[in-house]
file structure08.txt (compact mmCIF, C-alpha atoms)
# COMPACT_ATOMS: atom_id res chain seq x y z
CA MET A 1 -31.12 52.51 46.15
CA ASP A 2 -32.69 49.26 47.27
CA VAL A 3 -30.53 46.32 46.21
CA SER A 4 -32.32 43.68 48.28
CA PHE A 5 -33.51 42.03 45.06
CA LEU A 6 -29.95 40.89 44.43
CA GLY A 7 -30.28 38.39 47.23
CA GLY A 8 -26.69 38.57 48.35
CA PRO A 9 -23.61 36.80 46.99
CA GLN A 10 -23.91 33.30 45.63
CA PRO A 11 -22.68 30.51 47.92
CA GLN A 12 -19.00 29.76 47.42
CA ARG A 13 -17.36 26.36 47.61
CA GLY A 14 -13.95 26.49 49.23
CA VAL A 15 -10.64 24.84 48.37
CA GLY A 16 -7.88 25.23 50.94
CA VAL A 17 -4.34 25.54 49.59
CA VAL A 18 -1.13 25.14 51.59
CA ALA A 19 1.79 26.66 49.65
CA PRO A 20 5.47 27.16 50.46
CA PHE A 21 6.42 30.59 51.80
CA ASP A 22 8.07 31.58 48.48
CA PHE A 23 5.07 30.69 46.30
CA ALA A 24 4.40 33.67 44.00
CA LEU A 25 1.79 32.41 41.52
CA ASP A 26 -1.52 32.74 43.37
CA ARG A 27 -3.08 34.33 40.30
CA GLU A 28 -2.09 31.39 38.10
CA LEU A 29 -3.97 28.96 40.36
CA TRP A 30 -7.09 31.11 40.13
CA ARG A 31 -7.10 30.96 36.33
CA TRP A 32 -8.16 27.28 36.44
CA VAL A 33 -10.92 27.90 39.01
CA PRO A 34 -14.60 28.41 38.07
CA ASP A 35 -16.48 31.38 39.51
CA HIS A 36 -18.40 29.43 42.14
CA VAL A 37 -15.24 28.15 43.85
CA SER A 38 -12.92 30.15 46.10
CA LEU A 39 -9.29 29.38 46.89
CA HIS A 40 -8.20 29.94 50.47
CA LEU A 41 -4.40 30.08 50.59
CA THR A 42 -1.98 29.89 53.47
CA ARG A 43 1.81 29.69 53.41
CA THR A 44 4.36 27.72 55.36
CA PRO A 45 6.66 29.70 57.70
CA TYR A 46 9.71 31.34 56.17
CA VAL A 47 13.02 29.51 56.47
CA PRO A 48 16.32 30.95 55.15
CA VAL A 49 17.06 28.00 52.85
CA GLU A 50 17.44 28.01 49.06
CA VAL A 51 15.32 25.77 46.85
CA GLY A 52 16.66 22.23 47.14
CA LEU A 53 16.09 18.95 48.91
CA ASP A 54 16.53 20.47 52.38
CA LEU A 55 13.89 23.12 51.72
CA ALA A 56 11.53 20.52 50.24
CA ARG A 57 11.75 18.56 53.48
CA LEU A 58 11.33 21.61 55.71
CA VAL A 59 8.17 22.89 54.01
CA SER A 60 6.57 19.44 54.11
CA GLU A 61 7.14 18.52 57.76
CA HIS A 62 4.01 17.15 59.37
CA GLU A 63 3.99 19.78 62.12
CA THR A 64 4.08 22.50 59.46
CA LEU A 65 1.22 20.85 57.57
CA ASP A 66 -0.78 20.42 60.77
CA ASN A 67 -0.56 24.12 61.63
CA ALA A 68 -1.41 25.23 58.09
CA VAL A 69 -4.42 22.96 57.74
CA ARG A 70 -5.76 23.94 61.16
CA ALA A 71 -5.55 27.60 60.13
CA LEU A 72 -7.48 26.83 56.94
CA SER A 73 -10.14 24.94 58.89
CA GLU A 74 -11.55 28.26 60.10
CA VAL A 75 -12.91 28.94 56.60
CA ALA A 76 -14.26 25.38 56.22
CA PRO A 77 -12.76 24.25 52.90
CA GLU A 78 -14.21 21.11 51.32
CA VAL A 79 -10.75 19.86 50.37
CA VAL A 80 -7.17 20.88 51.17
CA ALA A 81 -4.36 20.77 48.60
CA TYR A 82 -0.67 20.97 49.37
CA ALA A 83 0.63 22.98 46.41
CA CYS A 84 4.28 22.05 46.19
CA ALA A 85 5.73 19.43 43.87
CA SER A 86 9.16 18.94 45.45
CA GLY A 87 7.80 19.03 48.98
CA SER A 88 5.41 16.21 48.13
CA PHE A 89 7.75 13.96 46.15
CA VAL A 90 10.90 14.34 48.29
CA GLY A 91 9.75 11.56 50.65
CA GLY A 92 8.81 9.14 47.88
CA VAL A 93 5.42 7.53 47.43
CA ALA A 94 5.11 6.55 51.09
CA GLY A 95 6.03 10.07 52.18
CA GLU A 96 3.36 11.58 49.93
CA ARG A 97 0.72 9.23 51.32
CA ALA A 98 1.76 10.10 54.86
CA MET A 99 1.46 13.83 54.11
CA CYS A 100 -2.11 13.34 52.90
CA ALA A 101 -2.92 11.33 56.02
CA ALA A 102 -1.43 14.04 58.25
CA MET A 103 -3.48 16.76 56.57
CA ARG A 104 -6.67 14.71 56.77
CA LEU A 105 -6.05 14.15 60.47
CA ALA A 106 -5.42 17.85 61.10
CA GLY A 107 -8.42 19.20 59.23
CA GLU A 108 -10.83 16.26 59.03
CA VAL A 109 -11.23 17.05 55.34
CA PRO A 110 -10.12 15.28 52.15
CA SER A 111 -6.52 16.22 51.35
CA LEU A 112 -4.14 15.86 48.43
CA THR A 113 -0.72 16.98 47.22
CA THR A 114 0.70 18.14 43.91
CA SER A 115 2.72 14.96 43.42
CA GLY A 116 -0.22 12.72 44.26
CA ALA A 117 -2.37 14.76 41.87
CA LEU A 118 0.25 14.19 39.18
CA LEU A 119 -0.09 10.42 39.51
CA ASP A 120 -3.88 10.74 39.36
CA ALA A 121 -3.58 12.89 36.24
CA LEU A 122 -1.26 10.38 34.57
CA CYS A 123 -3.82 7.66 35.29
CA GLU A 124 -6.55 9.89 33.84
CA ILE A 125 -4.78 10.28 30.51
CA GLY A 126 -3.27 6.79 30.51
CA ALA A 127 0.37 7.93 30.47
CA ARG A 128 3.17 5.72 31.77
CA ARG A 129 6.22 7.11 29.93
CA ILE A 130 6.77 10.84 30.34
CA ALA A 131 9.24 13.61 29.63
CA VAL A 132 10.01 15.92 32.55
CA VAL A 133 10.89 19.61 32.73
CA THR A 134 11.95 21.27 35.99
CA PRO A 135 13.55 24.52 37.17
CA TYR A 136 15.33 22.55 39.92
CA THR A 137 18.88 21.48 40.54
CA ARG A 138 19.98 18.04 39.41
CA SER A 139 19.48 16.48 42.84
CA VAL A 140 15.87 17.64 43.10
CA THR A 141 15.16 16.53 39.54
CA ASP A 142 16.64 13.14 40.40
CA ALA A 143 14.27 12.91 43.39
CA LEU A 144 11.30 13.55 41.10
CA GLU A 145 12.44 10.81 38.73
CA GLU A 146 12.84 8.41 41.67
CA TYR A 147 9.33 9.23 42.90
CA LEU A 148 7.87 8.58 39.47
CA GLY A 149 9.83 5.34 39.19
CA GLU A 150 8.36 4.12 42.48
CA ALA A 151 4.91 4.73 41.02
CA GLY A 152 5.66 2.77 37.86
CA VAL A 153 6.24 5.78 35.60
CA THR A 154 9.28 5.91 33.30
CA VAL A 155 11.04 9.20 32.55
CA THR A 156 12.02 9.15 28.88
CA GLY A 157 13.84 12.48 28.82
CA ARG A 158 14.31 15.52 31.00
CA ALA A 159 15.65 19.08 31.12
CA TYR A 160 16.24 21.33 34.11
CA LEU A 161 17.54 24.81 34.89
CA GLY A 162 19.48 24.32 38.15
CA LEU A 163 17.81 27.23 39.93
CA THR A 164 17.78 27.68 43.71
CA ARG A 165 15.62 30.84 43.92
CA HIS A 166 13.31 33.21 42.03
CA ILE A 167 11.77 30.39 40.02
CA TRP A 168 8.58 32.36 39.39
CA LYS A 169 10.60 34.75 37.19
CA VAL A 170 11.40 32.08 34.57
CA PRO A 171 9.87 33.22 31.25
CA TYR A 172 7.68 31.01 29.08
CA ARG A 173 10.34 30.86 26.36
CA ASP A 174 12.67 28.97 28.72
CA VAL A 175 9.91 26.51 29.59
CA VAL A 176 9.27 25.91 25.88
CA ASP A 177 12.98 25.45 25.17
CA MET A 178 13.30 22.90 27.97
CA ALA A 179 10.22 21.03 26.74
CA ARG A 180 11.70 20.71 23.27
CA GLN A 181 14.89 19.28 24.75
CA ALA A 182 13.12 16.88 27.11
CA VAL A 183 10.67 15.28 24.68
CA VAL A 184 12.86 12.61 23.11
CA GLY A 185 11.94 9.03 22.39
CA ALA A 186 8.47 7.60 22.91
CA ALA A 187 6.84 9.77 25.58
CA ASP A 188 3.13 9.60 26.39
CA ALA A 189 3.05 13.04 28.03
CA LEU A 190 5.16 15.94 29.28
CA PHE A 191 5.17 17.06 32.91
CA ILE A 192 6.36 20.54 33.89
CA SER A 193 7.23 20.42 37.58
CA CYS A 194 7.22 23.09 40.33
CA THR A 195 4.18 25.09 41.40
CA ASN A 196 6.34 28.24 41.34
CA LEU A 197 7.03 27.88 37.60
CA PRO A 198 4.57 29.75 35.33
CA THR A 199 2.84 27.38 32.88
CA TYR A 200 -0.80 28.34 32.29
CA ASP A 201 -0.50 30.00 28.89
CA VAL A 202 2.22 27.72 27.55
CA ILE A 203 0.31 24.42 27.92
CA PRO A 204 -1.91 24.72 24.80
CA GLN A 205 1.05 25.89 22.69
CA LEU A 206 3.18 22.93 23.75
CA GLU A 207 0.38 20.41 23.28
CA ALA A 208 -0.17 21.63 19.72
CA GLU A 209 3.54 21.62 18.90
CA LEU A 210 4.59 18.40 20.63
CA ARG A 211 1.34 16.51 19.94
CA LEU A 212 1.37 15.26 23.53
CA PRO A 213 -0.69 15.93 26.64
CA VAL A 214 1.13 18.50 28.76
CA LEU A 215 0.67 18.53 32.52
CA SER A 216 1.98 21.12 34.95
CA ALA A 217 2.26 21.16 38.72
CA ASN A 218 -0.30 23.91 39.25
CA GLN A 219 -2.66 22.46 36.67
CA VAL A 220 -2.81 18.98 38.20
CA THR A 221 -3.13 20.43 41.72
CA VAL A 222 -6.18 22.53 40.87
CA TRP A 223 -7.66 19.80 38.65
CA ALA A 224 -7.46 17.22 41.44
CA ALA A 225 -8.75 19.58 44.14
CA LEU A 226 -11.76 20.61 42.07
CA ARG A 227 -12.47 17.02 41.05
CA ALA A 228 -12.53 16.08 44.73
CA ILE A 229 -15.51 18.39 45.28
CA GLY A 230 -17.28 17.51 42.03
CA ALA A 231 -16.21 20.68 40.19
CA HIS A 232 -14.25 21.04 36.96
CA ALA A 233 -11.11 23.02 36.22
CA ILE A 234 -11.31 25.45 33.31
CA GLY A 235 -8.59 26.19 30.80
CA PRO A 236 -7.95 26.74 27.08
CA TYR A 237 -7.79 23.46 25.19
CA GLN A 238 -5.80 21.33 27.64
CA ALA A 239 -5.82 17.56 27.27
CA LEU A 240 -6.19 16.88 31.00
CA LEU A 241 -9.25 19.13 31.28
CA ASP A 242 -10.91 18.38 27.94
CA PRO A 243 -11.05 14.77 26.68
CA ALA A 244 -11.83 16.09 23.20
CA ALA A 245 -8.43 17.80 23.15
CA ARG A 246 -6.71 14.42 23.44
CA SER A 247 -7.69 13.56 19.88
CA GLY A 248 -7.65 17.10 18.49
CA PRO A 249 -4.73 19.26 17.30
CA ALA A 250 -2.58 17.95 20.14
CA GLY A 251 -2.70 14.62 18.29
CA MET A 252 -2.56 12.33 21.31
CA GLY A 253 -2.02 9.16 19.31
CA PRO A 254 -4.09 6.32 17.86
CA GLY A 255 -5.55 3.37 19.67
CA SER A 256 -8.00 2.77 22.48
CA GLY A 257 -8.07 4.45 25.87
CA PRO A 258 -7.47 8.11 26.72
CA ILE A 259 -4.32 8.34 24.60
CA GLY A 260 -4.09 4.84 23.23
CA MET A 261 -1.85 3.48 25.98
CA GLY A 262 -4.19 1.01 27.68
CA PRO A 263 -4.56 0.67 31.46
CA ALA A 264 -2.47 2.73 33.86
CA PRO A 265 0.42 1.11 35.76
CA ALA A 266 -0.69 -1.03 38.68
CA GLY A 267 1.63 0.77 41.07
CA MET A 268 0.16 4.24 40.55
CA ARG A 269 -1.97 5.82 43.28
CA PRO A 270 -2.06 2.97 45.81
CA GLY A 271 -4.38 3.13 48.80
CA PRO A 272 -3.91 5.46 51.79
CA GLU A 273 -1.05 4.87 54.20
CA ALA A 274 -2.08 3.16 57.43
CA ALA A 275 0.40 4.98 59.61
CA LEU A 276 1.97 8.41 59.48
CA ALA A 277 5.64 8.32 58.53
CA GLY A 278 8.00 10.84 60.04
CA PRO A 279 9.98 13.23 57.83
CA PRO A 280 13.05 11.65 56.19
CA ALA A 281 16.46 12.49 57.52
CA ALA A 282 18.31 15.38 55.91
CA GLU A 283 21.14 14.59 53.54
CA THR A 284 23.80 16.51 51.71
CA ASP A 285 22.98 17.26 48.09
CA PRO A 286 26.23 17.48 46.15
CA GLY A 287 24.42 18.07 42.87
CA GLU A 288 23.11 21.50 43.76
CA GLY A 289 24.80 24.52 42.25
CA ARG A 290 24.64 28.28 42.19
CA GLU A 291 21.56 30.15 41.05
CA GLY A 292 21.17 29.82 37.32
CA GLU A 293 23.81 27.09 37.00
CA ASP A 294 23.09 25.07 33.88
CA LEU A 295 23.14 21.43 34.96
CA GLY A 296 20.91 19.92 32.37
CA GLY A 297 18.98 22.20 30.08
CA GLY A 298 21.66 24.32 28.45
CA LEU A 299 19.48 27.40 29.08
CA PRO A 300 20.53 30.81 30.39
CA PRO A 301 19.25 31.92 33.80
CA PRO A 302 16.24 34.28 33.80
CA VAL A 303 16.96 37.97 34.07
call {"tool": "encode", "arguments": {"input": "structure08.txt", "output": "structure tokens"}}
result
Amino acid sequence: MDVSFLGGPQPQRGVGVVAPFDFALDRELWRWVPDHVSLHLTRTPYVPVEVGLDLARLVSEHETLDNAVRALSEVAPEVVAYACASGSFVGGVAGERAMCAAMRLAGEVPSLTTSGALLDALCEIGARRIAVVTPYTRSVTDALEEYLGEAGVTVTGRAYLGLTRHIWKVPYRDVVDMARQAVVGAADALFISCTNLPTYDVIPQLEAELRLPVLSANQVTVWAALRAIGAHAIGPYQALLDPAARSGPAGMGPGSGPIGMGPAPAGMRPGPEAALAGPPAAETDPGEGREGEDLGGGLPPPV
């Protein structure tokens, strides 16, 4: 049968993704991606360290990023995204900027990180006071709050699981329970951290229940990467992706601006770092506990 009339496959636009070695949610990333875009994933080398501050530093070292981005360069992505929240906030705002600069230098292509994408997403929806949900230990959750504080974002409430491994196994019900605990006081949005935590299907449910925009690590990563190449993320009724959703059932609040909060904080998403900063020195994290230890959310470990 002659199939020459088909003309071959349609041209694909490529997004390179650098993920930690334990990342298990490739399929979740793809769910936000339109058909004409391909994700090209690579992983950082395995290290025998549990999830915590030390691992976050190891998987975000500039040498590791350099090797990963150079490997991706072979398939010529239009943008490279570092898909790890903790790895990109552990060094603070300056550390995140330096990571982007290191990736740009290695691949000569626009580059971004999950934590930088989060700040861009908060600017997009006009949020400056947020609730935070994480699967992390207390020390890693503290580091996220410090990163947000540097960027002018206030954490109004938080919940966390205290996990050090197998985060991708956390069920949606635990994410929902944490969200209900974290959203206290006057929050403009909810952020669910960790690219290894499943969130895709739970975002619309939480937005409708909490009447707040809900952002997740994987969502903001894909949204920012696609925006960088002039494409749009797809997803069911999510405030970040659909401006109409911000005034729909999610009830994003009265007033002017994306969610009635006025201009974004002046400190969010400053310009690129002039020089590359080295990785921060390792430190002991006394707040970390055993797998499943309940340090903040009052939730049982996943089974």
call {"tool": "residues_around", "arguments": {"input": "structure08.txt", "residues": "A:Arg158", "least_positions_apart": "6", "cutoff": "6 Å", "atoms": "only C-alpha atoms", "output": "list in words"}}
result
Ala131, Val132, Val133 and Ala182 of chain A
call {"tool": "write_last_selection", "arguments": {"input": "structure08.txt", "atoms": "C-alpha atoms", "output": "short mmCIF file (atom, residue, chain, number, x, y, z; two decimals), keeping the file's coordinate frame"}}
result
data_model
loop_
_atom_site.label_atom_id
_atom_site.label_comp_id
_atom_site.auth_asym_id
_atom_site.auth_seq_id
_atom_site.Cartn_x
_atom_site.Cartn_y
_atom_site.Cartn_z
CA ALA A 131 9.24 13.61 29.63
CA VAL A 132 10.01 15.92 32.55
CA VAL A 133 10.89 19.61 32.73
CA ALA A 182 13.12 16.88 27.11
#
call {"tool": "atom_distance", "arguments": {"input": "structure08.txt", "atom1": "atom CA of A:Leu144", "atom2": "atom CA of A:Gly16"}}
result
24.5 Å
call {"tool": "residues_near_point", "arguments": {"input": "structure08.txt", "point": "(10.4, 6.9, 35.0)", "cutoff": "12 Å", "atoms": "all atoms listed in the file", "output": "PyMOL selection string"}}
result
chain A and resi 119+127-132+141-158+187-191+265+268
call {"tool": "closest_atom_pairs", "arguments": {"input": "structure08.txt", "of": "stretch 76-125 of chain A", "to": "stretch 22-41 of chain A", "cutoff": "9 Å", "atoms": "all atoms listed in the file", "output": "tab-separated table"}}
result
residue	atom	partner	partner_atom	distance
A:Pro77	CA	A:His40	CA	7.7
A:Ala83	CA	A:Phe23	CA	8.9
A:Cys84	CA	A:Phe23	CA	8.7
call {"tool": "write_last_selection", "arguments": {"input": "structure08.txt", "atoms": "C-alpha atoms", "output": "short mmCIF file (atom, residue, chain, number, x, y, z; two decimals), keeping the file's coordinate frame"}}
result
data_model
loop_
_atom_site.label_atom_id
_atom_site.label_comp_id
_atom_site.auth_asym_id
_atom_site.auth_seq_id
_atom_site.Cartn_x
_atom_site.Cartn_y
_atom_site.Cartn_z
CA PRO A 77 -12.76 24.25 52.90
CA ALA A 83 0.63 22.98 46.41
CA CYS A 84 4.28 22.05 46.19
#
call {"tool": "atom_distance", "arguments": {"input": "structure08.txt", "atom1": "atom CA of A:Ala19", "atom2": "atom CA of A:Tyr172"}}
result
21.8 Å
call {"tool": "atom_distance", "arguments": {"input": "structure08.txt", "atom1": "atom CA of A:Thr113", "atom2": "atom CA of A:Ala224"}}
result
8.9 Å
call {"tool": "closest_residue", "arguments": {"input": "structure08.txt", "among": "A:Gln205, A:Ser86, A:Gln238, A:Gln10", "to": "A:Ile125", "atoms": "all atoms listed in the file"}}
result
A:Gln238
call {"tool": "residues_around", "arguments": {"input": "structure08.txt", "residues": "A:Ala85", "least_positions_apart": "3", "cutoff": "7 Å", "atoms": "all atoms listed in the file", "output": "ChimeraX atom specification"}}
result
/A:88-89,114-115,193-195,217
call {"tool": "residues_around", "arguments": {"input": "structure08.txt", "residues": "stretch 226-230 of chain A", "least_positions_apart": "5", "cutoff": "8 Å", "atoms": "only C-alpha atoms", "output": "ChimeraX atom specification"}}
result
/A:15,33,78-79,110
call {"tool": "closest_residue", "arguments": {"input": "structure08.txt", "among": "A:Val49, A:Ala231, A:Ala98, A:Leu112", "to": "A:Gln12", "atoms": "only C-alpha atoms"}}
result
A:Ala231
call {"tool": "residues_near_point", "arguments": {"input": "structure08.txt", "point": "(0.6, 25.4, 35.2)", "cutoff": "8 Å", "atoms": "only C-alpha atoms", "output": "PyMOL selection string"}}
result
chain A and resi 28-29+192+195+197-201+203+215-220
